[in-house]
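So this block is coords30.cif, mmCIF, C-alpha atoms:
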```cif
data_my_file
#
loop_
_atom_site.group_PDB
_atom_site.id
_atom_site.type_symbol
_atom_site.label_atom_id
_atom_site.label_comp_id
_atom_site.auth_asym_id
_atom_site.auth_seq_id
_atom_site.Cartn_x
_atom_site.Cartn_y
_atom_site.Cartn_z
ATOM 1 C CA SER A 251 14.763 -0.547 -22.436
ATOM 2 C CA ARG A 252 11.842 1.608 -23.377
ATOM 3 C CA VAL A 253 10.848 4.849 -21.762
ATOM 4 C CA GLU A 254 7.657 4.208 -19.850
ATOM 5 C CA GLU A 255 4.581 6.132 -20.954
ATOM 6 C CA LEU A 256 2.408 7.456 -18.159
ATOM 7 C CA GLU A 257 -1.275 8.163 -18.367
ATOM 8 C CA VAL A 258 -3.634 9.785 -15.880
ATOM 9 C CA PHE A 259 -6.440 7.638 -14.492
ATOM 10 C CA GLN A 260 -9.073 8.457 -11.923
ATOM 11 C CA LEU A 261 -8.736 6.295 -8.846
ATOM 12 C CA SER A 262 -12.188 4.803 -9.556
ATOM 13 C CA GLN A 263 -10.940 3.520 -12.945
ATOM 14 C CA VAL A 264 -8.217 1.486 -11.246
ATOM 15 C CA PHE A 265 -9.806 0.464 -7.938
ATOM 16 C CA ASN A 266 -13.084 -0.640 -6.464
ATOM 17 C CA LEU A 267 -13.407 1.485 -3.340
ATOM 18 C CA SER A 268 -15.371 0.169 -0.391
ATOM 19 C CA SER A 269 -15.905 0.720 3.290
ATOM 20 C CA SER A 270 -14.910 -1.886 5.796
ATOM 21 C CA LYS A 271 -17.575 -4.556 6.341
ATOM 22 C CA LYS A 272 -17.656 -3.625 10.027
ATOM 23 C CA LYS A 273 -15.732 -0.970 11.933
ATOM 24 C CA PHE A 274 -14.295 -2.124 15.237
ATOM 25 C CA ASN A 275 -13.640 0.479 17.933
ATOM 26 C CA ALA A 276 -10.055 0.062 19.199
ATOM 27 C CA ASN A 277 -11.174 0.889 22.751
ATOM 28 C CA MET A 278 -13.739 -1.916 22.749
ATOM 29 C CA ILE A 279 -11.682 -4.816 21.386
ATOM 30 C CA GLU A 280 -9.255 -7.262 22.899
ATOM 31 C CA PHE A 281 -5.877 -7.550 21.205
ATOM 32 C CA GLY A 282 -3.882 -10.762 20.991
ATOM 33 C CA GLY A 283 -6.047 -12.445 18.364
ATOM 34 C CA LYS A 284 -5.653 -14.039 14.959
ATOM 35 C CA PHE A 285 -6.201 -11.335 12.292
ATOM 36 C CA PRO A 286 -4.617 -7.906 11.729
ATOM 37 C CA TYR A 287 -6.529 -4.891 13.001
ATOM 38 C CA VAL A 288 -5.700 -1.995 10.677
ATOM 39 C CA ALA A 289 -6.117 1.558 11.921
ATOM 40 C CA ARG A 290 -5.011 4.959 10.591
ATOM 41 C CA GLY A 291 -1.495 4.857 12.066
ATOM 42 C CA ASP A 292 1.508 5.367 9.824
ATOM 43 C CA SER A 293 3.720 2.520 11.046
ATOM 44 C CA ASN A 294 3.697 -1.290 11.003
ATOM 45 C CA ASN A 295 1.557 -1.352 7.825
ATOM 46 C CA GLY A 296 -1.199 0.379 9.773
ATOM 47 C CA ILE A 297 -1.574 -2.767 11.903
ATOM 48 C CA ARG A 298 -2.363 -1.799 15.487
ATOM 49 C CA GLY A 299 -2.578 -5.371 16.730
ATOM 50 C CA TYR A 300 -4.333 -8.658 16.094
ATOM 51 C CA ILE A 301 -7.918 -9.488 17.009
ATOM 52 C CA THR A 302 -10.328 -12.373 16.687
ATOM 53 C CA GLU A 303 -13.822 -11.421 15.573
ATOM 54 C CA SER A 304 -16.397 -12.986 13.273
ATOM 55 C CA GLU A 305 -14.598 -13.814 10.026
ATOM 56 C CA GLU A 306 -17.609 -12.652 7.975
ATOM 57 C CA PHE A 307 -16.437 -9.076 8.696
ATOM 58 C CA LEU A 308 -12.894 -9.573 7.355
ATOM 59 C CA ASN A 309 -11.794 -7.331 4.521
ATOM 60 C CA PRO A 310 -10.154 -9.167 1.623
ATOM 61 C CA ALA A 311 -6.433 -9.898 1.403
ATOM 62 C CA ASN A 312 -4.317 -8.321 -1.343
ATOM 63 C CA THR A 313 -5.941 -4.904 -1.022
ATOM 64 C CA ILE A 314 -4.765 -1.458 0.015
ATOM 65 C CA SER A 315 -6.056 0.049 3.245
ATOM 66 C CA PHE A 316 -6.545 3.819 3.049
ATOM 67 C CA GLY A 317 -6.877 6.023 6.144
ATOM 68 C CA GLN A 318 -9.393 8.673 5.112
ATOM 69 C CA ASP A 319 -8.207 11.455 7.382
ATOM 70 C CA THR A 320 -4.492 10.637 7.290
ATOM 71 C CA ALA A 321 -4.047 9.380 3.704
ATOM 72 C CA THR A 322 -2.024 6.481 5.112
ATOM 73 C CA MET A 323 -1.934 3.618 2.623
ATOM 74 C CA PHE A 324 -0.664 0.109 3.102
ATOM 75 C CA TYR A 325 -0.738 -3.158 1.201
ATOM 76 C CA GLN A 326 -2.555 -5.791 3.230
ATOM 77 C CA LYS A 327 -1.487 -9.294 2.204
ATOM 78 C CA GLU A 328 -3.824 -11.015 4.703
ATOM 79 C CA PRO A 329 -7.538 -10.594 5.410
ATOM 80 C CA TYR A 330 -7.974 -7.871 8.062
ATOM 81 C CA PHE A 331 -10.360 -5.983 10.296
ATOM 82 C CA THR A 332 -10.393 -2.177 10.505
ATOM 83 C CA GLY A 333 -11.386 0.709 12.664
ATOM 84 C CA ASP A 334 -13.174 3.859 11.598
ATOM 85 C CA LYS A 335 -12.411 5.911 8.464
ATOM 86 C CA ILE A 336 -10.564 3.178 6.567
ATOM 87 C CA LYS A 337 -11.399 2.538 2.924
ATOM 88 C CA VAL A 338 -10.483 -0.690 1.151
ATOM 89 C CA LEU A 339 -9.007 -0.359 -2.349
ATOM 90 C CA ARG A 340 -9.188 -3.459 -4.554
ATOM 91 C CA THR A 341 -7.687 -3.383 -8.046
ATOM 92 C CA LYS A 342 -10.217 -3.969 -10.805
ATOM 93 C CA GLU A 343 -8.065 -5.709 -13.418
ATOM 94 C CA VAL A 344 -5.493 -7.816 -11.570
ATOM 95 C CA GLU A 345 -4.855 -9.516 -8.259
ATOM 96 C CA LEU A 346 -2.651 -7.245 -6.190
ATOM 97 C CA ASP A 347 0.708 -8.441 -4.905
ATOM 98 C CA ARG A 348 3.299 -6.572 -2.876
ATOM 99 C CA TYR A 349 5.229 -5.330 -5.934
ATOM 100 C CA LYS A 350 2.242 -3.870 -7.769
ATOM 101 C CA ALA A 351 0.929 -2.483 -4.481
ATOM 102 C CA LEU A 352 4.192 -0.673 -3.662
ATOM 103 C CA TYR A 353 4.186 0.986 -7.087
ATOM 104 C CA LEU A 354 0.506 1.938 -6.844
ATOM 105 C CA ILE A 355 0.867 3.293 -3.291
ATOM 106 C CA THR A 356 3.834 5.427 -4.353
ATOM 107 C CA SER A 357 1.804 6.820 -7.261
ATOM 108 C CA LEU A 358 -1.180 7.464 -4.976
ATOM 109 C CA ARG A 359 0.988 9.211 -2.374
ATOM 110 C CA LYS A 360 2.305 11.470 -5.124
ATOM 111 C CA SER A 361 -1.282 12.280 -6.121
ATOM 112 C CA PHE A 362 -2.292 13.076 -2.543
ATOM 113 C CA SER A 363 0.845 15.131 -1.832
ATOM 114 C CA THR A 364 -0.755 18.162 -3.492
ATOM 115 C CA PHE A 365 -3.817 18.092 -1.216
ATOM 116 C CA SER A 366 -3.980 20.501 1.674
ATOM 117 C CA TRP A 367 -4.840 18.890 4.951
ATOM 118 C CA GLY A 368 -7.830 20.259 6.791
ATOM 119 C CA SER A 369 -10.153 19.015 9.448
ATOM 120 C CA SER A 370 -12.260 17.084 6.950
ATOM 121 C CA SER A 371 -11.305 13.672 5.692
ATOM 122 C CA PHE A 372 -11.252 12.434 2.127
ATOM 123 C CA ASN A 373 -14.806 11.507 1.279
ATOM 124 C CA GLU A 374 -15.531 8.756 -1.215
ATOM 125 C CA LYS A 375 -16.369 11.166 -4.056
ATOM 126 C CA VAL A 376 -13.036 13.021 -3.689
ATOM 127 C CA LEU A 377 -11.156 9.725 -3.522
ATOM 128 C CA LYS A 378 -12.831 8.278 -6.611
ATOM 129 C CA GLU A 379 -12.046 11.411 -8.639
ATOM 130 C CA THR A 380 -8.400 11.666 -7.572
ATOM 131 C CA ASP A 381 -6.027 11.453 -10.536
ATOM 132 C CA VAL A 382 -3.147 8.987 -10.453
ATOM 133 C CA LYS A 383 -0.405 8.622 -13.097
ATOM 134 C CA LEU A 384 0.333 5.038 -14.088
ATOM 135 C CA PRO A 385 2.463 3.328 -16.739
ATOM 136 C CA ILE A 386 0.679 2.068 -19.828
ATOM 137 C CA LYS A 387 1.463 -0.358 -22.638
ATOM 138 C CA ASN A 388 -0.905 -0.881 -25.582
ATOM 139 C CA ASN A 389 -3.331 1.573 -23.933
ATOM 140 C CA GLN A 390 -3.638 -0.673 -20.853
ATOM 141 C CA ILE A 391 -2.249 -0.179 -17.356
ATOM 142 C CA ASP A 392 1.128 -1.950 -17.381
ATOM 143 C CA TYR A 393 1.126 -3.966 -14.160
ATOM 144 C CA THR A 394 4.077 -6.064 -15.385
ATOM 145 C CA PHE A 395 6.227 -2.929 -15.603
ATOM 146 C CA MET A 396 5.172 -1.958 -12.065
ATOM 147 C CA SER A 397 6.266 -5.334 -10.671
ATOM 148 C CA ASP A 398 9.507 -5.397 -12.648
ATOM 149 C CA PHE A 399 10.367 -1.825 -11.635
ATOM 150 C CA VAL A 400 9.871 -2.426 -7.890
ATOM 151 C CA ARG A 401 11.815 -5.716 -8.078
ATOM 152 C CA ALA A 402 14.706 -3.924 -9.819
ATOM 153 C CA VAL A 403 14.767 -1.174 -7.187
ATOM 154 C CA GLU A 404 14.715 -3.806 -4.444
ATOM 155 C CA LYS A 405 17.696 -5.622 -6.011
ATOM 156 C CA LEU A 406 19.668 -2.371 -6.232
ATOM 157 C CA VAL A 407 18.966 -1.572 -2.588
ATOM 158 C CA ILE A 408 20.020 -5.073 -1.502
ATOM 159 C CA LYS A 409 23.201 -4.818 -3.597
ATOM 160 C CA ASP A 410 24.050 -1.452 -1.998
ATOM 161 C CA LEU A 411 23.435 -2.899 1.482
ATOM 162 C CA VAL A 412 25.733 -5.854 0.758
ATOM 163 C CA ILE A 413 28.497 -3.497 -0.450
ATOM 164 C CA TRP A 414 28.036 -1.295 2.632
ATOM 165 C CA ALA A 415 28.086 -4.334 4.976
ATOM 166 C CA ASP A 416 31.236 -5.708 3.290
ATOM 167 C CA LYS A 417 32.987 -2.344 3.741
ATOM 168 C CA LYS A 418 31.903 -2.183 7.382
ATOM 169 C CA ILE A 419 33.215 -5.725 8.014
ATOM 170 C CA ALA A 420 36.524 -4.919 6.318
ATOM 171 C CA ALA A 421 36.916 -1.724 8.365
ATOM 172 C CA THR A 422 36.106 -3.585 11.590
ATOM 173 C CA LYS A 423 38.665 -6.315 10.768
ATOM 174 C CA GLU A 424 41.280 -3.635 10.084
ATOM 175 C CA VAL A 425 40.643 -1.937 13.443
ATOM 176 C CA VAL A 426 40.673 -5.281 15.307
ATOM 177 C CA ALA A 427 43.934 -6.296 13.599
ATOM 178 C CA ARG A 428 45.724 -3.203 14.922
#
```

Would you give me this structure, written as structure tokens?
Amino acid sequence: SRVEELEVFQLSQVFNLSSSKKKFNANMIEFGGKFPYVARGDSNNGIRGYITESEEFLNPANTISFGQDTATMFYQKEPYFTGDKIKVLRTKEVELDRYKALYLITSLRKSFSTFSWGSSSFNEKVLKETDVKLPIKNNQIDYTFMSDFVRAVEKLVIKDLVIWADKKIAATKEVVAR
């Protein structure tokens, strides 16, 4: 197994950055609809609920939603609507899937961890110029490594959970047998 080389890229080299096609005010919409409504919250993938609006305003699936004043980032596997101050990040070279997205989001969070939080949000210029370290192979971003790495971590976590569950079951059986 090779040691992965990392290279610094500006966010704008990796992603097309856009604003939502239409911003929906959470206080003016009715929840209980068909498509995710992504806001700047930090739980449930940023999804505040589901709404039905004109599908022409949907943001594309397989993108990362970015809360401009919270730096919350989530992979969105379905088309979605957003509220205010959400940017849509679409990878330039490949179609995003959950594995690549998890790696990229982790790298982006590391990049943003050095920022000091003030009252102003991340404007588009700051976002585009933000440096992010990514693995490379043959001078290209190595998306295959990203996917393989996240899958390997996932398998290790699942294995550890199975071992933990087996131990818990054994301990419970021992207590019940007494």

Would you write out, as a VMD selection string, every residue that the PyMOL selection byres ((chain A and resi 314) around 6) captures in this file? chain A and resid 313 315 324 to 326 338 to 339

Step by step, work through what the PyMOL selection byres ((chain A and resi 274) around 9) selects in the shown file, and finish by giving those residues as a PyMOL selection string. chain A and resi 272-273+275-279+287+331-334

CA of Val344 in chain A to CA of Asp398 in chain A, straight-line distance in Å: 15.2 Å

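Taking all atoms listed in the file into account, Arg340 in chain A lies nearest to A:Val264 out of the set A:Met396, A:Val264, A:Val288, A:Leu384.
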
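Residue nearest Leu358 in chain A within the list A:Ala311, A:Leu377, A:Ile297, A:Val407: A:Leu377 [criterion: smallest interatomic distance, all atoms listed in the file].
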
Excluding Ser361 in chain A and residues on its chain fewer than 5 positions from it, collect all residues at most 12 Å away from it, counting all atoms listed in the file, and give them as a ChimeraX atom specification. /A:258-261,321,354-356,366,377,379-384
